[in-house]
>>> print(open('coords-v7.cif').read())   # mmCIF, C-alpha atoms
data_model
loop_
_atom_site.label_atom_id
_atom_site.label_comp_id
_atom_site.auth_asym_id
_atom_site.auth_seq_id
_atom_site.Cartn_x
_atom_site.Cartn_y
_atom_site.Cartn_z
CA MET A 1 176.86 -90.83 58.15
CA ALA A 2 177.00 -89.93 61.83
CA ASP A 3 176.33 -92.69 64.33
CA VAL A 4 172.58 -92.58 63.90
CA SER A 5 171.05 -95.79 62.69
CA ARG A 6 167.57 -96.59 61.48
CA ASP A 7 167.05 -98.48 64.76
CA ASP A 8 168.03 -95.38 66.75
CA ALA A 9 165.58 -93.31 64.75
CA TRP A 10 162.75 -95.81 65.23
CA GLN A 11 163.47 -95.93 68.97
CA LEU A 12 163.14 -92.15 69.04
CA VAL A 13 159.85 -92.34 67.14
CA THR A 14 158.42 -94.84 69.63
CA GLU A 15 159.36 -92.48 72.48
CA TRP A 16 157.70 -89.47 70.88
CA VAL A 17 154.83 -90.86 68.80
CA GLU A 18 151.98 -92.92 70.25
CA SER A 19 149.48 -92.55 67.41
CA ASP A 20 149.33 -95.64 65.22
CA SER A 21 148.30 -93.59 62.19
CA LEU A 22 151.21 -91.16 62.59
CA ARG A 23 153.66 -94.06 63.04
CA LYS A 24 152.32 -95.59 59.83
CA HIS A 25 152.75 -92.25 58.05
CA LEU A 26 156.38 -92.08 59.19
CA LEU A 27 156.98 -95.65 58.02
CA GLY A 28 155.35 -94.85 54.68
CA VAL A 29 157.53 -91.78 54.18
CA GLU A 30 160.55 -93.86 55.17
CA ALA A 31 159.64 -96.41 52.48
CA ALA A 32 159.32 -93.69 49.82
CA MET A 33 162.61 -92.09 50.92
CA ARG A 34 164.39 -95.45 50.67
CA ALA A 35 162.99 -95.95 47.16
CA TYR A 36 164.38 -92.60 46.04
CA ALA A 37 167.75 -93.25 47.71
CA ARG A 38 168.01 -96.47 45.68
CA LYS A 39 166.89 -94.74 42.49
CA TRP A 40 169.52 -92.03 42.88
CA ASP A 41 172.23 -94.16 44.48
CA GLU A 42 172.17 -92.06 47.64
CA ASP A 43 172.68 -93.15 51.27
CA GLU A 44 169.61 -95.28 51.92
CA GLU A 45 170.02 -95.32 55.70
CA LEU A 46 170.28 -91.51 55.80
CA TYR A 47 167.16 -91.13 53.68
CA ALA A 48 165.30 -93.70 55.80
CA VAL A 49 166.19 -91.93 59.05
CA THR A 50 165.07 -88.58 57.61
CA GLY A 51 161.71 -90.04 56.63
CA LEU A 52 161.20 -91.59 60.05
CA VAL A 53 161.92 -88.50 62.14
CA HIS A 54 160.42 -85.71 60.01
CA ASP A 55 157.16 -85.52 62.00
CA LEU A 56 158.69 -86.56 65.32
CA ASP A 57 157.05 -83.76 67.32
CA TYR A 58 153.78 -83.43 65.40
CA GLU A 59 151.70 -85.37 67.92
CA ARG A 60 152.97 -83.43 70.95
CA TYR A 61 153.29 -80.01 69.31
CA PRO A 62 150.90 -79.83 66.35
CA ASP A 63 150.71 -76.03 66.27
CA LEU A 64 152.61 -74.96 63.16
CA GLU A 65 153.08 -71.39 64.39
CA THR A 66 154.95 -72.36 67.54
CA GLY A 67 155.41 -76.13 67.56
CA HIS A 68 156.14 -78.64 64.79
CA PRO A 69 158.87 -79.09 63.60
CA ARG A 70 160.82 -76.83 66.00
CA HIS A 71 160.86 -79.32 68.90
CA ALA A 72 161.96 -82.13 66.59
CA ILE A 73 164.80 -79.98 65.27
CA ARG A 74 165.94 -79.23 68.82
CA GLU A 75 165.75 -82.90 69.85
CA LEU A 76 167.61 -84.11 66.74
CA THR A 77 170.28 -81.45 67.20
CA GLU A 78 170.81 -82.42 70.86
CA ARG A 79 171.12 -86.07 69.86
CA GLY A 80 173.75 -85.29 67.24
CA TYR A 81 171.75 -86.16 64.13
CA PRO A 82 173.45 -85.26 60.83
CA GLU A 83 172.99 -81.68 59.68
CA GLU A 84 171.40 -82.78 56.42
CA VAL A 85 168.67 -84.66 58.30
CA ILE A 86 167.93 -81.65 60.50
CA ASP A 87 167.98 -79.35 57.49
CA ALA A 88 165.52 -81.59 55.62
CA VAL A 89 163.17 -81.73 58.63
CA ALA A 90 163.24 -77.92 58.84
CA GLY A 91 162.70 -77.60 55.09
CA HIS A 92 159.66 -79.86 54.89
CA ALA A 93 157.54 -77.28 56.72
CA ASP A 94 157.00 -74.29 54.42
CA LEU A 95 156.17 -72.09 57.41
CA MET A 96 159.75 -72.36 58.64
CA GLY A 97 161.01 -70.55 55.54
CA VAL A 98 164.02 -72.86 55.26
CA ALA A 99 165.13 -73.24 51.65
CA ARG A 100 165.35 -76.84 50.44
CA GLN A 101 168.77 -76.90 48.82
CA THR A 102 169.84 -80.53 49.16
CA ARG A 103 168.42 -83.45 47.24
CA ILE A 104 167.42 -85.16 50.49
CA ALA A 105 165.46 -82.10 51.67
CA LYS A 106 163.68 -81.80 48.32
CA THR A 107 162.91 -85.52 48.32
CA LEU A 108 161.39 -85.45 51.80
CA TYR A 109 159.16 -82.56 50.77
CA ALA A 110 158.15 -84.34 47.57
CA VAL A 111 157.17 -87.64 49.23
CA ASP A 112 155.70 -86.45 52.55
CA GLU A 113 152.24 -85.23 51.57
CA LEU A 114 151.91 -87.60 48.65
CA SER A 115 152.76 -90.70 50.72
CA GLY A 116 149.92 -89.80 53.06
CA PHE A 117 147.61 -89.16 50.13
CA VAL A 118 148.42 -92.46 48.41
CA ALA A 119 147.75 -94.26 51.71
CA ALA A 120 144.38 -92.47 52.00
CA CYS A 121 143.53 -93.59 48.46
CA ALA A 122 144.42 -97.19 49.32
CA LEU A 123 142.19 -97.17 52.38
CA VAL A 124 139.04 -96.57 50.32
CA ARG A 125 139.82 -99.27 47.73
CA PRO A 126 138.59 -102.83 48.38
CA THR A 127 141.94 -104.17 47.13
CA GLY A 128 143.93 -101.61 49.13
CA ILE A 129 147.13 -100.47 47.45
CA GLU A 130 147.31 -103.62 45.34
CA GLY A 131 146.94 -102.79 41.65
CA MET A 132 146.66 -99.05 42.28
CA LYS A 133 147.67 -96.87 39.33
CA PRO A 134 148.91 -93.26 39.22
CA LYS A 135 145.81 -92.40 37.20
CA SER A 136 143.49 -93.16 40.13
CA VAL A 137 145.67 -91.10 42.51
CA LYS A 138 145.63 -88.14 40.11
CA LYS A 139 141.86 -88.43 39.84
CA LYS A 140 141.57 -88.21 43.64
CA LEU A 141 143.95 -85.23 43.72
CA LYS A 142 141.42 -83.38 41.59
CA GLN A 143 138.69 -83.98 44.20
CA PRO A 144 139.23 -81.24 46.80
CA SER A 145 136.93 -82.97 49.29
CA PHE A 146 139.01 -86.17 49.32
CA ALA A 147 141.78 -86.09 51.97
CA ALA A 148 141.12 -82.36 52.11
CA ALA A 149 144.00 -81.74 54.54
CA VAL A 150 146.52 -82.64 51.83
CA ASN A 151 147.81 -79.48 50.22
CA ARG A 152 147.68 -80.05 46.47
CA GLU A 153 149.97 -77.09 45.76
CA GLU A 154 152.65 -78.59 48.03
CA VAL A 155 152.32 -81.93 46.25
CA GLN A 156 152.93 -80.27 42.88
CA ARG A 157 155.71 -78.03 44.24
CA GLY A 158 157.51 -81.11 45.57
CA ILE A 159 157.31 -82.85 42.21
CA ASP A 160 158.59 -79.72 40.45
CA GLU A 161 161.49 -79.32 42.91
CA ILE A 162 162.88 -82.80 42.39
CA GLY A 163 162.24 -82.56 38.66
CA VAL A 164 160.52 -85.88 38.09
CA ASP A 165 157.55 -86.89 35.98
CA GLN A 166 154.33 -86.80 38.01
CA ASP A 167 153.23 -90.29 36.97
CA GLU A 168 156.66 -91.77 37.70
CA HIS A 169 156.74 -90.07 41.09
CA ILE A 170 153.31 -91.38 42.06
CA ALA A 171 154.16 -94.85 40.74
CA LEU A 172 157.38 -94.96 42.78
CA ILE A 173 155.51 -94.03 45.96
CA ILE A 174 152.75 -96.57 45.28
CA GLU A 175 155.37 -99.28 44.76
CA ALA A 176 157.32 -98.29 47.89
CA LEU A 177 154.19 -98.37 50.08
CA ALA A 178 152.91 -101.57 48.45
CA GLU A 179 156.11 -103.37 49.47
CA ARG A 180 155.18 -102.63 53.07
CA SER A 181 151.42 -102.86 52.71
CA ASP A 182 151.00 -105.25 55.66
CA GLN A 183 153.02 -103.08 58.03
CA LEU A 184 151.19 -99.95 56.81
CA GLY A 185 147.72 -101.47 56.90
CA LEU A 186 147.23 -100.91 53.18
CA GLY A 187 146.32 -104.43 52.12
CA PRO A 188 142.82 -105.37 50.92
CA GLN A 189 140.33 -103.34 52.91
CA GLU A 190 137.41 -105.07 54.57
CA GLY A 191 134.43 -102.78 54.45
CA ALA A 192 136.21 -100.17 52.33
CA ALA A 193 133.94 -97.66 50.69
CA ALA A 194 132.48 -99.31 47.63
CA GLU A 195 134.59 -97.40 45.17
CA SER A 196 135.69 -98.57 41.79
CA ALA A 197 139.01 -100.40 41.75
CA ASN A 198 140.67 -97.55 39.91
#
>>> encode(input="coords-v7.cif", output="structure tokens")
Amino acid sequence: MADVSRDDAWQLVTEWVESDSLRKHLLGVEAAMRAYARKWDEDEELYAVTGLVHDLDYERYPDLETGHPRHAIRELTERGYPEEVIDAVAGHADLMGVARQTRIAKTLYAVDELSGFVAACALVRPTGIEGMKPKSVKKKLKQPSFAAAVNREEVQRGIDEIGVDQDEHIALIIEALAERSDQLGLGPQEGAAAESAN
């Protein structure tokens, strides 16, 4: 991999992203990317970096027509990030029309929306992400009003593209986020909506 470390990527994130919730999303996607890198025996650092920087410019340039992820792509290119990272960042935004041809690009697309959705599910459970099952996530996916900004079609498309079982995919993401639950704020929730544990 080019001389871009996880620490470099995190430094870049702290320069560009002030929002605590967006930083947590990037860390969550990083965790899911690492889990898939281990599963597939791919370059874990490369996958981690890709997860961290994929929404680098979203806070500053949220407009999908003219902004995100174009500014991130430009910044990453100028800083000499590996082509496969840049390609994956471009491919995670359908609007860009960049075909996802590499496994890393397909993986980023598959974990991005769903990592955010799993985190949203955890935040309304009294026990947080602890003990969460794929079944409860799938139930929430069927409720259009819950985390309405999450595009359900993209979630399914991502699963189809990497060719994994839906339950296994959700379980892997739950496990990856649970390992970092403290850092992601997904531990037991004080005052969480009184929802059933599953």
>>> residues_near_point(input="coords-v7.cif", point="(148.6, -100.2, 42.0)", cutoff="12 Å", atoms="all atoms listed in the file", output="PyMOL selection string")
chain A and resi 118-119+121-122+125+127-137+170-179+181+186-188+197-198
>>> closest_atom_pairs(input="coords-v7.cif", of="segment 85-137 of chain A", to="segment 23-39 of chain A", cutoff="7 Å", atoms="only C-alpha atoms", output="JSON lines")
{"residue": "A:Leu108", "atom": "CA", "partner": "A:Met33", "partner_atom": "CA", "distance": 6.8}
{"residue": "A:Val111", "atom": "CA", "partner": "A:Ala32", "partner_atom": "CA", "distance": 6.4}
{"residue": "A:Asp112", "atom": "CA", "partner": "A:Val29", "partner_atom": "CA", "distance": 5.9}
{"residue": "A:Ser115", "atom": "CA", "partner": "A:Val29", "partner_atom": "CA", "distance": 6.0}
{"residue": "A:Gly116", "atom": "CA", "partner": "A:His25", "partner_atom": "CA", "distance": 6.2}
>>> residues_around(input="coords-v7.cif", residues="Gln101 of chain A", least_positions_apart="6", cutoff="10 Å", atoms="all atoms listed in the file", output="number ranges by chain")
A: 84, 87-88, 91, 161
>>> write_last_selection(input="coords-v7.cif", atoms="C-alpha atoms", output="PDB file, in the coordinates of the input")
ATOM      1  CA  GLU A  84     171.400 -82.780  56.420  1.00  0.00           C
ATOM      2  CA  ASP A  87     167.980 -79.350  57.490  1.00  0.00           C
ATOM      3  CA  ALA A  88     165.520 -81.590  55.620  1.00  0.00           C
ATOM      4  CA  GLY A  91     162.700 -77.600  55.090  1.00  0.00           C
ATOM      5  CA  GLU A 161     161.490 -79.320  42.910  1.00  0.00           C
TER       6      GLU A 161
END
>>> resolve_selection(input="coords-v7.cif", expression="the PyMOL selection byres ((chain A and resi 8) around 12)", output="PyMOL selection string")
chain A and resi 2-7+9-15+45-46+48-50+52-53+76+79-81
>>> write_last_selection(input="coords-v7.cif", atoms="C-alpha atoms", output="compact mmCIF listing (two decimals), keeping the file's coordinate frame")
# COMPACT_ATOMS: atom_id res chain seq x y z
CA ALA A 2 177.00 -89.93 61.83
CA ASP A 3 176.33 -92.69 64.33
CA VAL A 4 172.58 -92.58 63.90
CA SER A 5 171.05 -95.79 62.69
CA ARG A 6 167.57 -96.59 61.48
CA ASP A 7 167.05 -98.48 64.76
CA ALA A 9 165.58 -93.31 64.75
CA TRP A 10 162.75 -95.81 65.23
CA GLN A 11 163.47 -95.93 68.97
CA LEU A 12 163.14 -92.15 69.04
CA VAL A 13 159.85 -92.34 67.14
CA THR A 14 158.42 -94.84 69.63
CA GLU A 15 159.36 -92.48 72.48
CA GLU A 45 170.02 -95.32 55.70
CA LEU A 46 170.28 -91.51 55.80
CA ALA A 48 165.30 -93.70 55.80
CA VAL A 49 166.19 -91.93 59.05
CA THR A 50 165.07 -88.58 57.61
CA LEU A 52 161.20 -91.59 60.05
CA VAL A 53 161.92 -88.50 62.14
CA LEU A 76 167.61 -84.11 66.74
CA ARG A 79 171.12 -86.07 69.86
CA GLY A 80 173.75 -85.29 67.24
CA TYR A 81 171.75 -86.16 64.13
>>> atom_distance(input="coords-v7.cif", atom1="atom CA of Ala147 of chain A", atom2="atom CA of Leu22 of chain A")
15.1 Å
>>> atom_distance(input="coords-v7.cif", atom1="atom CA of Leu123 of chain A", atom2="atom CA of Gly185 of chain A")
8.3 Å
>>> closest_residue(input="coords-v7.cif", among="A:Met96, A:Leu114, A:Ile159, A:Ile86", to="Thr66 of chain A", atoms="all atoms listed in the file")
A:Met96
>>> closest_residue(input="coords-v7.cif", among="A:Leu141, A:Leu64, A:Ala110, A:Val17", to="Asp160 of chain A", atoms="all atoms listed in the file")
A:Ala110
>>> decode(input="coords-v7.cif", residues="segment 16-95 of chain A", atoms="C-alpha atoms", output="PDB file, in the first residue's frame")
ATOM      1  CA  TRP A  16     -12.203  17.968   7.706  1.00  0.00           C
ATOM      2  CA  VAL A  17     -14.902  16.614  10.028  1.00  0.00           C
ATOM      3  CA  GLU A  18     -16.047  18.384  13.183  1.00  0.00           C
ATOM      4  CA  SER A  19     -19.365  16.599  13.704  1.00  0.00           C
ATOM      5  CA  ASP A  20     -19.163  13.954  16.408  1.00  0.00           C
ATOM      6  CA  SER A  21     -21.909  11.898  14.765  1.00  0.00           C
ATOM      7  CA  LEU A  22     -20.166  11.893  11.379  1.00  0.00           C
ATOM      8  CA  ARG A  23     -16.844  10.947  13.002  1.00  0.00           C
ATOM      9  CA  LYS A  24     -18.606   8.050  14.722  1.00  0.00           C
ATOM     10  CA  HIS A  25     -20.116   6.979  11.397  1.00  0.00           C
ATOM     11  CA  LEU A  26     -16.656   6.965   9.794  1.00  0.00           C
ATOM     12  CA  LEU A  27     -15.259   4.926  12.690  1.00  0.00           C
ATOM     13  CA  GLY A  28     -18.173   2.507  12.414  1.00  0.00           C
ATOM     14  CA  VAL A  29     -17.625   2.030   8.692  1.00  0.00           C
ATOM     15  CA  GLU A  30     -13.909   1.576   9.377  1.00  0.00           C
ATOM     16  CA  ALA A  31     -14.741  -1.188  11.873  1.00  0.00           C
ATOM     17  CA  ALA A  32     -16.987  -2.974   9.355  1.00  0.00           C
ATOM     18  CA  MET A  33     -14.367  -2.618   6.606  1.00  0.00           C
ATOM     19  CA  ARG A  34     -11.704  -4.113   8.885  1.00  0.00           C
ATOM     20  CA  ALA A  35     -13.998  -7.044   9.677  1.00  0.00           C
ATOM     21  CA  TYR A  36     -14.457  -7.790   5.979  1.00  0.00           C
ATOM     22  CA  ALA A  37     -10.723  -7.414   5.279  1.00  0.00           C
ATOM     23  CA  ARG A  38     -10.060 -10.065   7.941  1.00  0.00           C
ATOM     24  CA  LYS A  39     -12.830 -12.312   6.616  1.00  0.00           C
ATOM     25  CA  TRP A  40     -11.434 -12.169   3.087  1.00  0.00           C
ATOM     26  CA  ASP A  41      -7.747 -11.980   3.985  1.00  0.00           C
ATOM     27  CA  GLU A  42      -7.408  -8.573   2.336  1.00  0.00           C
ATOM     28  CA  ASP A  43      -5.244  -5.601   3.363  1.00  0.00           C
ATOM     29  CA  GLU A  44      -6.840  -4.514   6.631  1.00  0.00           C
ATOM     30  CA  GLU A  45      -5.096  -1.143   6.757  1.00  0.00           C
ATOM     31  CA  LEU A  46      -6.227  -0.314   3.211  1.00  0.00           C
ATOM     32  CA  TYR A  47      -9.818  -1.242   4.029  1.00  0.00           C
ATOM     33  CA  ALA A  48      -9.686   0.747   7.280  1.00  0.00           C
ATOM     34  CA  VAL A  49      -8.378   3.867   5.536  1.00  0.00           C
ATOM     35  CA  THR A  50     -11.098   3.588   2.878  1.00  0.00           C
ATOM     36  CA  GLY A  51     -13.794   3.392   5.532  1.00  0.00           C
ATOM     37  CA  LEU A  52     -12.404   6.395   7.395  1.00  0.00           C
ATOM     38  CA  VAL A  53     -12.155   8.771   4.440  1.00  0.00           C
ATOM     39  CA  HIS A  54     -15.244   7.858   2.400  1.00  0.00           C
ATOM     40  CA  ASP A  55     -17.373  10.737   3.735  1.00  0.00           C
ATOM     41  CA  LEU A  56     -14.464  13.131   4.272  1.00  0.00           C
ATOM     42  CA  ASP A  57     -16.158  16.086   2.560  1.00  0.00           C
ATOM     43  CA  TYR A  58     -19.778  15.368   3.500  1.00  0.00           C
ATOM     44  CA  GLU A  59     -19.919  17.928   6.305  1.00  0.00           C
ATOM     45  CA  ARG A  60     -18.441  20.770   4.229  1.00  0.00           C
ATOM     46  CA  TYR A  61     -20.020  19.883   0.883  1.00  0.00           C
ATOM     47  CA  PRO A  62     -23.221  17.906   1.515  1.00  0.00           C
ATOM     48  CA  ASP A  63     -24.800  18.710  -1.851  1.00  0.00           C
ATOM     49  CA  LEU A  64     -24.718  15.468  -3.829  1.00  0.00           C
ATOM     50  CA  GLU A  65     -25.177  17.231  -7.171  1.00  0.00           C
ATOM     51  CA  THR A  66     -22.069  19.379  -6.860  1.00  0.00           C
ATOM     52  CA  GLY A  67     -20.272  18.446  -3.635  1.00  0.00           C
ATOM     53  CA  HIS A  68     -19.746  15.117  -1.872  1.00  0.00           C
ATOM     54  CA  PRO A  69     -17.685  13.081  -2.694  1.00  0.00           C
ATOM     55  CA  ARG A  70     -15.970  15.192  -5.380  1.00  0.00           C
ATOM     56  CA  HIS A  71     -13.960  17.331  -2.941  1.00  0.00           C
ATOM     57  CA  ALA A  72     -12.828  14.255  -1.024  1.00  0.00           C
ATOM     58  CA  ILE A  73     -11.681  12.617  -4.251  1.00  0.00           C
ATOM     59  CA  ARG A  74      -9.676  15.721  -5.161  1.00  0.00           C
ATOM     60  CA  GLU A  75      -8.110  15.946  -1.687  1.00  0.00           C
ATOM     61  CA  LEU A  76      -7.223  12.237  -1.592  1.00  0.00           C
ATOM     62  CA  THR A  77      -5.745  12.413  -5.090  1.00  0.00           C
ATOM     63  CA  GLU A  78      -3.590  15.440  -4.173  1.00  0.00           C
ATOM     64  CA  ARG A  79      -2.356  13.633  -1.075  1.00  0.00           C
ATOM     65  CA  GLY A  80      -1.354  10.573  -3.065  1.00  0.00           C
ATOM     66  CA  TYR A  81      -3.882   8.114  -1.663  1.00  0.00           C
ATOM     67  CA  PRO A  82      -3.972   4.722  -3.423  1.00  0.00           C
ATOM     68  CA  GLU A  83      -6.105   4.564  -6.549  1.00  0.00           C
ATOM     69  CA  GLU A  84      -8.260   1.789  -5.121  1.00  0.00           C
ATOM     70  CA  VAL A  85      -9.206   3.962  -2.135  1.00  0.00           C
ATOM     71  CA  ILE A  86     -10.138   6.883  -4.393  1.00  0.00           C
ATOM     72  CA  ASP A  87     -12.045   4.562  -6.710  1.00  0.00           C
ATOM     73  CA  ALA A  88     -14.011   3.104  -3.780  1.00  0.00           C
ATOM     74  CA  VAL A  89     -14.868   6.581  -2.461  1.00  0.00           C
ATOM     75  CA  ALA A  90     -16.128   7.574  -5.920  1.00  0.00           C
ATOM     76  CA  GLY A  91     -18.081   4.329  -6.250  1.00  0.00           C
ATOM     77  CA  HIS A  92     -19.931   4.591  -2.942  1.00  0.00           C
ATOM     78  CA  ALA A  93     -22.011   7.491  -4.258  1.00  0.00           C
ATOM     79  CA  ASP A  94     -24.418   6.166  -6.902  1.00  0.00           C
ATOM     80  CA  LEU A  95     -24.837   9.658  -8.328  1.00  0.00           C
TER      81      LEU A  95
END
